[in-house]
4 protein chains.
Amino acid sequence: MSGSIFGKNFTISTWGESHGKAIGVVIDGCPAGLPLEESDIQKDLDLRKPGTSALTTKRKESDTCHILSGVFEGVTTGTPISIVIYNEDHHSADYSDIADIFRPGHADYTFFSKYGIRDYRGGGRSSARETAARVAAGAVAKKILAEIGVKVTAYTRSIGEIEISSFDEELLYKTDTRMPDKEADAKANEFIKSCMAENDSCGGVIECVIKNLPAGVGETVFDKLDSSLAKAIVSIGAVKGIEFGAGFGASLLKGSENNDSFANENGKIKKLTNNAGGILGGMSDGSDIVFRAAIKPTPSISRIQKTVDINGEEQEIAIKGRHDPIIVPRAVPVVEAMAAICVVDLLFSAMLSQMKNIKSFWI
Amino acid sequence: MSGSIFGKNFTISTWGESHGKAIGVVIDGCPAGLPLEESDIQKDLDLRKPGTSALTTKRKESDTCHILSGVFEGVTTGTPISIVIYNEDHHSADYSDIADIFRPGHADYTFFSKYGIRDYRGGGRSSARETAARVAAGAVAKKILAEIGVKVTAYTRSIGEIEISSFDEELLYKTDTRMPDKEADAKANEFIKSCMAENDSCGGVIECVIKNLPAGVGETVFDKLDSSLAKAIVSIGAVKGIEFGAGFGASLLKGSENNDSFANENGKIKKLTNNAGGILGGMSDGSDIVFRAAIKPTPSISRIQKTVDINGEEQEIAIKGRHDPIIVPRAVPVVEAMAAICVVDLLFSAMLSQMKNIKSFWI
Amino acid sequence: MSGSIFGKNFTISTWGESHGKAIGVVIDGCPAGLPLEESDIQKDLDLRKPGTSALTTKRKESDTCHILSGVFEGVTTGTPISIVIYNEDHHSADYSDIADIFRPGHADYTFFSKYGIRDYRGGGRSSARETAARVAAGAVAKKILAEIGVKVTAYTRSIGEIEISSFDEELLYKTDTRMPDKEADAKANEFIKSCMAENDSCGGVIECVIKNLPAGVGETVFDKLDSSLAKAIVSIGAVKGIEFGAGFGASLLKGSENNDSFANENGKIKKLTNNAGGILGGMSDGSDIVFRAAIKPTPSISRIQKTVDINGEEQEIAIKGRHDPIIVPRAVPVVEAMAAICVVDLLFSAMLSQMKNIKSFWI
Amino acid sequence: MSGSIFGKNFTISTWGESHGKAIGVVIDGCPAGLPLEESDIQKDLDLRKPGTSALTTKRKESDTCHILSGVFEGVTTGTPISIVIYNEDHHSADYSDIADIFRPGHADYTFFSKYGIRDYRGGGRSSARETAARVAAGAVAKKILAEIGVKVTAYTRSIGEIEISSFDEELLYKTDTRMPDKEADAKANEFIKSCMAENDSCGGVIECVIKNLPAGVGETVFDKLDSSLAKAIVSIGAVKGIEFGAGFGASLLKGSENNDSFANENGKIKKLTNNAGGILGGMSDGSDIVFRAAIKPTPSISRIQKTVDINGEEQEIAIKGRHDPIIVPRAVPVVEAMAAICVVDLLFSAMLSQMKNIKSFWI
């Protein structure tokens, strides 16, 4: 197998299991000269780490990151940046009850089918814990983007049927649901708690907006901005769909409704609407990049479910332990991270698009 | 720039512009020993080619394919397969009216922003014509899949608000809308014609089902089956979203509703439902793979639209010429092709997952 | 299988068999804005094509190239450049005598072992003919390099025991041996003719010099300038070794002899010697890049040789037909081409090494 | 920058600087089911580590490895294997004297040219210390090869002018010079000591033999077995050349001398000689794979050398500290490691060459 590497010029390689010794990421392709400290990364990891609200698992992980290479005297050197996060809580749990049984909605059965073996402790490699490594790499990508004014912002758009109806930037990462709308947040909290009371879980939709991305980022055929983002985001566990701009809604529109007209706004070319979600022909068009990702409800629930064990015997299972009743809030920084990583990679490629850039660089 | 190559072990590299001399594809990684003739490919190209119904452009292209390498005495040799399709209709049109103007909903503006130059004849590289090369490569991928019993089937699920309510396998590729439901097809035809009468266009949703895929296909972190399909499908022009299984609907379900229970059906492990769309943890779970892609309405409409020219001057444009009033029917074989290409690539990787496979192969 | 693609940001994908319909290459990643015509490519192809001197095969191939995509109005557009060369002389030969027999020194046996099938007509994919596609791509790479003043020059350094003792730039590609030394050329001609008289063949060494390459090109660990050139050059059939600067000779020197001292020459940092061949730590050091490739004697000889057939039966074979008595002269432009392709790819990567470059590009 | 990743299906990603906190490697693509313990890796690391003989630096590094992921209950799981080696001796040295000066023969100048910054402590990323990570990954590759009977063996062939004239397998890794010839070892020891007495260093040639590799490994055009090995080996710091089989010597032979005849030996196809070094057309031919790598003398010498500082001022430098007088012996396990990694990667690709393999796997 393989497939734990993402990106072409800005490449991340994640590793680690939920209950192994550590998880981590190697970033190959971060340019030299970026100021970088562990606290830059820790800040984002803290937004994802468990145990920060009533809505998350009580697993205790400080998720403290260590930069082991690639930074010298506070600045990146252009060499691979290795970041490690030691698993602190990996001894405590007793997983013997799920060692031989396939949890519905999890990768247990598929992992076993593929590899003939699996690290059954807490999902192993398929655990949401793997996403901490993505967040760490994303923090580096976001620092690169910040240097050129590009900003990636994700937030919860809906939980179950409850959708935000306003957007208050001040509330980003301030509500437990990650909804930037006080009222929706309150309703969603209640909804989640009702699910918890029923030993059940729920899902939602995360929206992500990328601001100030120059036009022309994304390649024209396979490595488009949208196709690359689609891969980046759908690779996050629990994501069951992605749509850009008007998305599935565009299938209901007529061409005259869906097309975004261009206009000249004080000498700058602008679009009057943004059904395209900021992407035309796979390239950024200078508007905000907008996409939404559907997140399924947490598969780990303590209700009784029907399943089979590794011998094919039918079994009932009620998943004990500490599980998030909803994945959405903790997935918000992961979406931000993957979007940032993907955009940095395509920004780099886009620099190589014209001979005049090559010439002005080398002469 | 780059980004016209897709796949790792089964790699396709497409090339060609709408109104250049030809378009084509090089397939690197097709195993030796696959019977292959031009007619195998032509069959699929004919399903995509224009001019076959009242719902498509009248551009005349026979889309005749030529295999230039990689096949010897009717069988693949393991070397790259080069397939070329000459553009026949590339002289006729007069594109001078759109040479300096950015068509809304097209890649004109982004292409120009990125490259500082563009082949303005009919969309150039961003034309839907590029997808003929994908269909050609997909025909090869589908032949490989057929040898192991895997079948990829795409069809139109909805056009505008009209959705299929039955599935008649006999109707696949038999209706102009590519809807496998006579009634829905009739309604959709009417709807499309009403759009045409208004000089407008419409969109829809394509559904794709992959049958008999063994469990365990797809890598576990970035190169998942769903994330790879997401990239493959979203890379098709006009696709604005993709969802797997319950998809965006999963965000509304509770865990107890969304989880698919496992059961033992005559000694075989089966799932009782398929909200997962056949993918758990990024790997196929032995059920049908099911996904849907949202297709926007054709951006080329003869209605008057507001836009700007390459000097930033505001202009009005009414796009003349021969355009599909809806992209969906002709995109159906393209979705099938890209899904097949993606699955073959991941099937190959999955063969390398266990030491016992390595050993039994080499000893 | 796969492996017919080379490069990361400047990617070439070659295809085609010796006696198939055509051979060709797709270049993905050529920046937009490079003036390019077929004659730019033809010029280099003519240096490689057969039948131009007494020292080459009499196979008749005009090796006329056709650019099928990626160029619009005489300038590259940033999209893939597809170049095709039709095989003209592919009907005439009768290969039935070697269809079932493994020629010593050729890929017949290994190809059959790997694929279980082979296109036995003239070497198929393993024919030197494949290198025409590399030369075509190399012509594009050399045009890119020319725009920034970098020049790649290859020539014959030795044939058998005969080595050049002077270097006359005027003679480049003017002598049949490709030796830039009149005297050595005369001697080598005689030597080659004596080999031909004995129905035998000979080999030699090609040297390549890359001038004006800025310091810092090449990545620091695996994708070094020298390791990448090594792959590029050794991938040319018949190359049995490569060495950089002092090369194998460096193994005989002491550190104090082999180290190149740095000095300040009118304000510029220069090296006083160039045992390193212009590469330190895998990166160009601002001096000339210098390497040499060992070329084995042509394996196709009309002398009787012992071998086996596909049934394992021992056989004798005398290879008839039109074969180069020496590969070296026609390999000279191939070495130039592969070196240029490799350097362009690494030049592009090197542009992404520093944050200040990223910032100055995007802000 | 990037370029710290090697391999396609068996991928290694190394990281770490000489005097940073740690070095390490992530292996992505190791199949599940390989028994693996830290001691398997430590064994090879101990062959490379410093301080084991009079011929190596006295830097104290136990080079203790830690497997952080990818292994569960003593067996690989198919997920990435992260191996870390903490740098123990990274505080002691005082590097202020070389912080601003470019050491001849080192990557100081090129690193600074490329990145505008460098970790000057002991070579940083360009230090030979990076190769410990390669050896760790190589140990895993060698275990995979061992399971199918393939064996990679490297040893010192020559040091300065002293060449081995016999090969005693028992002596592998038993002599300080890594020469499998007692007499040559004795002479070489004396020679090295004489260099040390002169505050100088010396180089040599490493030979590597790969036994029992089945025929057909290696792709046919760019990713050949020899071209891939060339990249793998030349990417090791200090390697200035590589040759296969008769190598540069083949350039002096005639076709009739260089071609290896095939014969039938008890029903098996064998070659009567091995000038090809076991590779024909880029694929293994069933004979031993044989190649040699030229290693330059250690650039760090305590003799006075001329150089410049980062301001371009001319300076004299005598490199103090603990340096190997010869790189060759410690590079032997690195050559073995890189060869093994490369071969595993190509073995995996070769499994995908024929449809009958695909079919027998999946049906």
# chains A, B, ... in the order shown; residues from 1 in each chain; ligands from 1
call {"tool": "interface_residues", "arguments": {"of": "chain A", "to": "chain C", "cutoff": "10 Å", "atoms": "only C-alpha atoms", "output": "MDAnalysis selection string"}}
result
chainID A and resid 8:10 29:35 76:79 144:145 147:149 213:214 219:221 347:363
call {"tool": "residues_around", "arguments": {"residues": "B:Val217", "least_positions_apart": "3", "cutoff": "12 Å", "atoms": "only C-alpha atoms", "output": "number ranges by chain"}}
result
A: 1-3, 110-115; B: 212-214, 220, 223-226, 228-229, 278-287, 289, 342-353; D: 362
call {"tool": "write_last_selection", "arguments": {"atoms": "C-alpha atoms", "output": "CSV table (one decimal), in the first residue's frame"}}
result
chain,number,residue,atom,x,y,z
A,1,MET,CA,0.0,0.0,0.0
A,2,SER,CA,1.0,3.6,0.0
A,3,GLY,CA,-1.0,6.7,-0.5
A,110,THR,CA,-12.2,-2.9,4.8
A,111,PHE,CA,-8.9,-2.6,6.6
A,112,PHE,CA,-9.0,-6.3,7.4
A,113,SER,CA,-10.1,-7.2,3.9
A,114,LYS,CA,-7.2,-5.3,2.4
A,115,TYR,CA,-4.3,-6.0,4.7
B,212,ASN,CA,-18.5,-6.3,-8.3
B,213,LEU,CA,-15.5,-4.3,-7.0
B,214,PRO,CA,-13.8,-6.5,-4.4
B,220,THR,CA,-6.1,4.5,3.5
B,223,ASP,CA,-5.4,8.2,-2.1
B,224,LYS,CA,-8.7,6.9,-0.9
B,225,LEU,CA,-11.2,5.4,-3.3
B,226,ASP,CA,-13.6,8.2,-2.7
B,228,SER,CA,-9.5,9.7,-5.8
B,229,LEU,CA,-12.9,9.4,-7.5
B,278,GLY,CA,-19.7,1.1,-0.9
B,279,ILE,CA,-16.7,2.9,0.7
B,280,LEU,CA,-15.5,2.7,4.3
B,281,GLY,CA,-12.3,4.4,5.4
B,282,GLY,CA,-11.5,5.1,1.8
B,283,MET,CA,-11.6,1.4,0.8
B,284,SER,CA,-14.3,-0.5,-1.1
B,285,ASP,CA,-16.4,-2.6,1.2
B,286,GLY,CA,-17.7,-5.1,-1.3
B,287,SER,CA,-21.0,-3.3,-1.9
B,289,ILE,CA,-19.8,1.9,-5.2
B,342,CYS,CA,-9.4,5.7,-11.3
B,343,VAL,CA,-10.6,2.3,-10.2
B,344,VAL,CA,-8.0,0.4,-12.3
B,345,ASP,CA,-5.2,2.6,-10.9
B,346,LEU,CA,-6.3,1.7,-7.3
B,347,LEU,CA,-6.9,-2.0,-8.1
B,348,PHE,CA,-3.2,-2.1,-9.1
B,349,SER,CA,-2.0,-0.5,-5.9
B,350,ALA,CA,-4.2,-2.8,-3.8
B,351,MET,CA,-2.3,-5.8,-5.3
B,352,LEU,CA,0.8,-4.6,-3.4
B,353,SER,CA,-0.8,-4.5,0.1
D,362,TRP,CA,-8.5,-10.5,-8.6
call {"tool": "residues_around", "arguments": {"residues": "stretch 251-257 of chain B", "least_positions_apart": "4", "cutoff": "7 Å", "atoms": "only C-alpha atoms", "output": "ChimeraX atom specification"}}
result
/A:160-161,200-205,294-299,301
call {"tool": "write_last_selection", "arguments": {"atoms": "N, CA and C atoms", "output": "PDB file, in the first residue's frame"}}
result
ATOM      1  N   GLY A 160     -27.212  18.723  11.411  1.00  0.00           N
ATOM      2  CA  GLY A 160     -28.539  18.175  11.151  1.00  0.00           C
ATOM      3  C   GLY A 160     -29.283  19.149  10.249  1.00  0.00           C
ATOM      4  N   GLU A 161     -30.508  19.517  10.647  1.00  0.00           N
ATOM      5  CA  GLU A 161     -31.310  20.428   9.816  1.00  0.00           C
ATOM      6  C   GLU A 161     -31.042  21.902  10.142  1.00  0.00           C
ATOM      7  N   ASP A 200     -26.921   8.514  20.540  1.00  0.00           N
ATOM      8  CA  ASP A 200     -26.802   8.585  19.092  1.00  0.00           C
ATOM      9  C   ASP A 200     -25.870   9.747  18.716  1.00  0.00           C
ATOM     10  N   SER A 201     -25.671   9.943  17.436  1.00  0.00           N
ATOM     11  CA  SER A 201     -24.745  10.977  16.967  1.00  0.00           C
ATOM     12  C   SER A 201     -25.372  11.699  15.785  1.00  0.00           C
ATOM     13  N   CYS A 202     -24.756  12.797  15.349  1.00  0.00           N
ATOM     14  CA  CYS A 202     -25.299  13.527  14.204  1.00  0.00           C
ATOM     15  C   CYS A 202     -24.189  14.090  13.333  1.00  0.00           C
ATOM     16  N   GLY A 203     -24.572  14.616  12.179  1.00  0.00           N
ATOM     17  CA  GLY A 203     -23.600  15.136  11.199  1.00  0.00           C
ATOM     18  C   GLY A 203     -23.861  16.579  10.853  1.00  0.00           C
ATOM     19  N   GLY A 204     -23.295  17.038   9.769  1.00  0.00           N
ATOM     20  CA  GLY A 204     -23.480  18.431   9.383  1.00  0.00           C
ATOM     21  C   GLY A 204     -22.683  18.782   8.147  1.00  0.00           C
ATOM     22  N   VAL A 205     -22.629  20.067   7.871  1.00  0.00           N
ATOM     23  CA  VAL A 205     -21.930  20.551   6.685  1.00  0.00           C
ATOM     24  C   VAL A 205     -20.938  21.649   7.090  1.00  0.00           C
ATOM     25  N   ALA A 294     -19.872  17.678   3.163  1.00  0.00           N
ATOM     26  CA  ALA A 294     -20.862  16.976   3.990  1.00  0.00           C
ATOM     27  C   ALA A 294     -20.161  16.004   4.929  1.00  0.00           C
ATOM     28  N   ILE A 295     -20.497  16.098   6.212  1.00  0.00           N
ATOM     29  CA  ILE A 295     -19.854  15.232   7.220  1.00  0.00           C
ATOM     30  C   ILE A 295     -20.906  14.277   7.783  1.00  0.00           C
ATOM     31  N   LYS A 296     -20.596  13.014   7.746  1.00  0.00           N
ATOM     32  CA  LYS A 296     -21.562  12.028   8.253  1.00  0.00           C
ATOM     33  C   LYS A 296     -21.570  12.050   9.785  1.00  0.00           C
ATOM     34  N   PRO A 297     -22.618  11.500  10.395  1.00  0.00           N
ATOM     35  CA  PRO A 297     -22.645  11.405  11.856  1.00  0.00           C
ATOM     36  C   PRO A 297     -21.553  10.454  12.342  1.00  0.00           C
ATOM     37  N   THR A 298     -21.032  10.701  13.532  1.00  0.00           N
ATOM     38  CA  THR A 298     -20.022   9.821  14.131  1.00  0.00           C
ATOM     39  C   THR A 298     -20.511   8.375  14.088  1.00  0.00           C
ATOM     40  N   PRO A 299     -19.731   7.477  13.530  1.00  0.00           N
ATOM     41  CA  PRO A 299     -20.185   6.076  13.491  1.00  0.00           C
ATOM     42  C   PRO A 299     -20.150   5.385  14.857  1.00  0.00           C
ATOM     43  N   ILE A 301     -21.313   4.808  18.161  1.00  0.00           N
ATOM     44  CA  ILE A 301     -22.425   5.140  19.049  1.00  0.00           C
ATOM     45  C   ILE A 301     -22.606   4.022  20.051  1.00  0.00           C
TER      46      ILE A 301
END
call {"tool": "atom_distance", "arguments": {"atom1": "atom CA of B:Gly20", "atom2": "atom CA of C:Glu17"}}
result
25.1 Å
call {"tool": "atom_distance", "arguments": {"atom1": "atom CA of A:Ser13", "atom2": "atom CA of A:Leu68"}}
result
14.7 Å
call {"tool": "residues_around", "arguments": {"residues": "A:Asp40", "least_positions_apart": "5", "cutoff": "10 Å", "atoms": "only C-alpha atoms", "output": "list in words"}}
result
Pro35, Leu45, Ala136, Ala139, Val140, Lys142 and Lys143 of chain A
call {"tool": "select_by_dssp", "arguments": {"residues": "stretch 92-218 of chain A", "states": "strand (DSSP E or B)", "output": "PDB file with N, CA, C and O atoms, in the first residue's frame"}}
result
ATOM      1  N   ILE A 101     -14.141  -7.707  16.009  1.00  0.00           N
ATOM      2  CA  ILE A 101     -15.475  -7.380  15.537  1.00  0.00           C
ATOM      3  C   ILE A 101     -15.399  -6.149  14.636  1.00  0.00           C
ATOM      4  O   ILE A 101     -14.538  -5.293  14.828  1.00  0.00           O
ATOM      5  N   LYS A 151      -6.219  33.947   2.760  1.00  0.00           N
ATOM      6  CA  LYS A 151      -6.759  33.500   4.045  1.00  0.00           C
ATOM      7  C   LYS A 151      -7.809  32.396   3.830  1.00  0.00           C
ATOM      8  O   LYS A 151      -8.738  32.562   3.044  1.00  0.00           O
ATOM      9  N   VAL A 152      -7.638  31.299   4.530  1.00  0.00           N
ATOM     10  CA  VAL A 152      -8.565  30.173   4.444  1.00  0.00           C
ATOM     11  C   VAL A 152      -9.392  30.128   5.726  1.00  0.00           C
ATOM     12  O   VAL A 152      -8.825  30.108   6.819  1.00  0.00           O
ATOM     13  N   THR A 153     -10.691  30.146   5.588  1.00  0.00           N
ATOM     14  CA  THR A 153     -11.563  30.124   6.770  1.00  0.00           C
ATOM     15  C   THR A 153     -12.651  29.066   6.616  1.00  0.00           C
ATOM     16  O   THR A 153     -13.416  29.110   5.655  1.00  0.00           O
ATOM     17  N   ALA A 154     -12.705  28.146   7.563  1.00  0.00           N
ATOM     18  CA  ALA A 154     -13.783  27.148   7.550  1.00  0.00           C
ATOM     19  C   ALA A 154     -14.638  27.324   8.792  1.00  0.00           C
ATOM     20  O   ALA A 154     -14.172  27.860   9.799  1.00  0.00           O
ATOM     21  N   TYR A 155     -15.870  26.905   8.695  1.00  0.00           N
ATOM     22  CA  TYR A 155     -16.793  26.981   9.838  1.00  0.00           C
ATOM     23  C   TYR A 155     -17.943  26.014   9.577  1.00  0.00           C
ATOM     24  O   TYR A 155     -18.110  25.507   8.461  1.00  0.00           O
ATOM     25  N   THR A 156     -18.714  25.784  10.607  1.00  0.00           N
ATOM     26  CA  THR A 156     -19.851  24.885  10.463  1.00  0.00           C
ATOM     27  C   THR A 156     -21.009  25.635   9.813  1.00  0.00           C
ATOM     28  O   THR A 156     -21.419  26.693  10.303  1.00  0.00           O
ATOM     29  N   ARG A 157     -21.529  25.086   8.759  1.00  0.00           N
ATOM     30  CA  ARG A 157     -22.662  25.714   8.085  1.00  0.00           C
ATOM     31  C   ARG A 157     -23.986  25.137   8.582  1.00  0.00           C
ATOM     32  O   ARG A 157     -24.961  25.874   8.740  1.00  0.00           O
ATOM     33  N   SER A 158     -23.998  23.834   8.814  1.00  0.00           N
ATOM     34  CA  SER A 158     -25.225  23.237   9.349  1.00  0.00           C
ATOM     35  C   SER A 158     -24.895  22.024  10.186  1.00  0.00           C
ATOM     36  O   SER A 158     -23.866  21.366   9.999  1.00  0.00           O
ATOM     37  N   ILE A 159     -25.796  21.753  11.136  1.00  0.00           N
ATOM     38  CA  ILE A 159     -25.727  20.537  11.952  1.00  0.00           C
ATOM     39  C   ILE A 159     -27.122  19.947  11.899  1.00  0.00           C
ATOM     40  O   ILE A 159     -28.101  20.615  12.261  1.00  0.00           O
ATOM     41  N   ILE A 162     -30.251  22.134  11.180  1.00  0.00           N
ATOM     42  CA  ILE A 162     -30.054  23.522  11.646  1.00  0.00           C
ATOM     43  C   ILE A 162     -28.933  24.202  10.859  1.00  0.00           C
ATOM     44  O   ILE A 162     -27.786  23.756  10.895  1.00  0.00           O
ATOM     45  N   GLU A 163     -29.278  25.275  10.184  1.00  0.00           N
ATOM     46  CA  GLU A 163     -28.285  25.951   9.329  1.00  0.00           C
ATOM     47  C   GLU A 163     -28.059  27.371   9.838  1.00  0.00           C
ATOM     48  O   GLU A 163     -28.960  27.997  10.376  1.00  0.00           O
ATOM     49  N   CYS A 202     -24.756  12.797  15.349  1.00  0.00           N
ATOM     50  CA  CYS A 202     -25.299  13.527  14.204  1.00  0.00           C
ATOM     51  C   CYS A 202     -24.189  14.090  13.333  1.00  0.00           C
ATOM     52  O   CYS A 202     -23.015  14.048  13.699  1.00  0.00           O
ATOM     53  N   GLY A 204     -23.295  17.038   9.769  1.00  0.00           N
ATOM     54  CA  GLY A 204     -23.480  18.431   9.383  1.00  0.00           C
ATOM     55  C   GLY A 204     -22.683  18.782   8.147  1.00  0.00           C
ATOM     56  O   GLY A 204     -22.140  17.907   7.463  1.00  0.00           O
ATOM     57  N   VAL A 205     -22.629  20.067   7.871  1.00  0.00           N
ATOM     58  CA  VAL A 205     -21.930  20.551   6.685  1.00  0.00           C
ATOM     59  C   VAL A 205     -20.938  21.649   7.090  1.00  0.00           C
ATOM     60  O   VAL A 205     -21.288  22.546   7.861  1.00  0.00           O
ATOM     61  N   ILE A 206     -19.728  21.530   6.579  1.00  0.00           N
ATOM     62  CA  ILE A 206     -18.701  22.553   6.818  1.00  0.00           C
ATOM     63  C   ILE A 206     -18.536  23.372   5.550  1.00  0.00           C
ATOM     64  O   ILE A 206     -18.495  22.818   4.448  1.00  0.00           O
ATOM     65  N   GLU A 207     -18.464  24.682   5.722  1.00  0.00           N
ATOM     66  CA  GLU A 207     -18.226  25.555   4.564  1.00  0.00           C
ATOM     67  C   GLU A 207     -16.829  26.154   4.709  1.00  0.00           C
ATOM     68  O   GLU A 207     -16.363  26.426   5.818  1.00  0.00           O
ATOM     69  N   CYS A 208     -16.185  26.355   3.578  1.00  0.00           N
ATOM     70  CA  CYS A 208     -14.830  26.923   3.597  1.00  0.00           C
ATOM     71  C   CYS A 208     -14.726  28.016   2.543  1.00  0.00           C
ATOM     72  O   CYS A 208     -15.229  27.856   1.419  1.00  0.00           O
ATOM     73  N   VAL A 209     -14.132  29.133   2.935  1.00  0.00           N
ATOM     74  CA  VAL A 209     -13.968  30.266   2.032  1.00  0.00           C
ATOM     75  C   VAL A 209     -12.480  30.636   1.980  1.00  0.00           C
ATOM     76  O   VAL A 209     -11.834  30.744   3.029  1.00  0.00           O
ATOM     77  N   ILE A 210     -11.974  30.793   0.763  1.00  0.00           N
ATOM     78  CA  ILE A 210     -10.569  31.196   0.606  1.00  0.00           C
ATOM     79  C   ILE A 210     -10.562  32.582  -0.022  1.00  0.00           C
ATOM     80  O   ILE A 210     -11.061  32.772  -1.131  1.00  0.00           O
ATOM     81  N   LYS A 211     -10.014  33.545   0.699  1.00  0.00           N
ATOM     82  CA  LYS A 211     -10.054  34.938   0.250  1.00  0.00           C
ATOM     83  C   LYS A 211      -8.695  35.385  -0.307  1.00  0.00           C
ATOM     84  O   LYS A 211      -7.657  34.935   0.142  1.00  0.00           O
TER      85      LYS A 211
END
call {"tool": "residues_around", "arguments": {"residues": "A:Tyr173", "least_positions_apart": "6", "cutoff": "12 Å", "atoms": "only C-alpha atoms", "output": "list in words"}}
result
Lys43, Asp44, Asp46, Leu47, Arg48, Thr52, Ser53, Thr153, Ala154, Tyr155, Thr156, Met179, Pro180, Asp181, Lys182, Asp185, Pro329, Arg330, Ala331, Val332, Pro333 and Glu336 of chain A
call {"tool": "residues_around", "arguments": {"residues": "stretch 94-100 of chain B", "least_positions_apart": "2", "cutoff": "8 Å", "atoms": "only C-alpha atoms", "output": "PyMOL selection string"}}
result
chain B and resi 92+102-103+120-122+309-310
call {"tool": "write_last_selection", "arguments": {"atoms": "N, CA, C and O atoms", "output": "mmCIF file, in the first residue's frame"}}
result
data_model
loop_
_atom_site.group_PDB
_atom_site.id
_atom_site.type_symbol
_atom_site.label_atom_id
_atom_site.label_comp_id
_atom_site.auth_asym_id
_atom_site.auth_seq_id
_atom_site.Cartn_x
_atom_site.Cartn_y
_atom_site.Cartn_z
ATOM 1 N N SER B 92 -13.753 25.337 -39.899
ATOM 2 C CA SER B 92 -14.953 26.048 -40.311
ATOM 3 C C SER B 92 -15.286 27.299 -39.503
ATOM 4 O O SER B 92 -15.609 28.338 -40.070
ATOM 5 N N PHE B 102 -14.267 37.717 -22.754
ATOM 6 C CA PHE B 102 -14.330 36.605 -21.814
ATOM 7 C C PHE B 102 -15.765 36.108 -21.675
ATOM 8 O O PHE B 102 -16.621 36.826 -21.150
ATOM 9 N N ARG B 103 -16.032 34.903 -22.126
ATOM 10 C CA ARG B 103 -17.390 34.358 -22.014
ATOM 11 C C ARG B 103 -17.707 33.988 -20.554
ATOM 12 O O ARG B 103 -16.935 33.254 -19.932
ATOM 13 N N TYR B 120 -8.171 30.802 -28.351
ATOM 14 C CA TYR B 120 -9.568 31.198 -28.107
ATOM 15 C C TYR B 120 -10.561 30.430 -28.969
ATOM 16 O O TYR B 120 -11.778 30.642 -28.884
ATOM 17 N N ARG B 121 -10.055 29.567 -29.831
ATOM 18 C CA ARG B 121 -10.951 28.859 -30.739
ATOM 19 C C ARG B 121 -11.733 27.769 -30.003
ATOM 20 O O ARG B 121 -11.218 26.677 -29.769
ATOM 21 N N GLY B 122 -12.928 28.088 -29.625
ATOM 22 C CA GLY B 122 -13.817 27.069 -29.071
ATOM 23 C C GLY B 122 -13.425 26.540 -27.711
ATOM 24 O O GLY B 122 -13.738 25.408 -27.373
ATOM 25 N N ASP B 309 -14.077 42.575 -21.936
ATOM 26 C CA ASP B 309 -13.097 42.078 -22.902
ATOM 27 C C ASP B 309 -11.697 42.088 -22.278
ATOM 28 O O ASP B 309 -11.536 42.425 -21.105
ATOM 29 N N ILE B 310 -10.710 41.700 -23.069
ATOM 30 C CA ILE B 310 -9.360 41.559 -22.494
ATOM 31 C C ILE B 310 -8.754 42.896 -22.067
ATOM 32 O O ILE B 310 -7.763 42.931 -21.342
#
call {"tool": "atom_distance", "arguments": {"atom1": "atom CA of B:Val290", "atom2": "atom CA of A:His106"}}
result
17.6 Å
call {"tool": "select_by_dssp", "arguments": {"residues": "stretch 126-240 of chain A", "states": "helix (DSSP H, G or I)", "output": "JSON, numbers by chain"}}
result
{"A": [126, 128, 129, 130, 131, 132, 133, 134, 135, 136, 137, 138, 139, 140, 141, 142, 143, 144, 145, 146, 147, 169, 170, 171, 182, 183, 184, 185, 186, 187, 188, 189, 190, 191, 192, 193, 194, 195, 196, 197, 225, 226, 227, 228, 229, 230, 231, 232, 233, 234]}
call {"tool": "closest_residue", "arguments": {"among": "C:Gly116, C:Ala128, C:Glu37, C:Lys21", "to": "B:Ile83", "atoms": "only C-alpha atoms"}}
result
C:Lys21
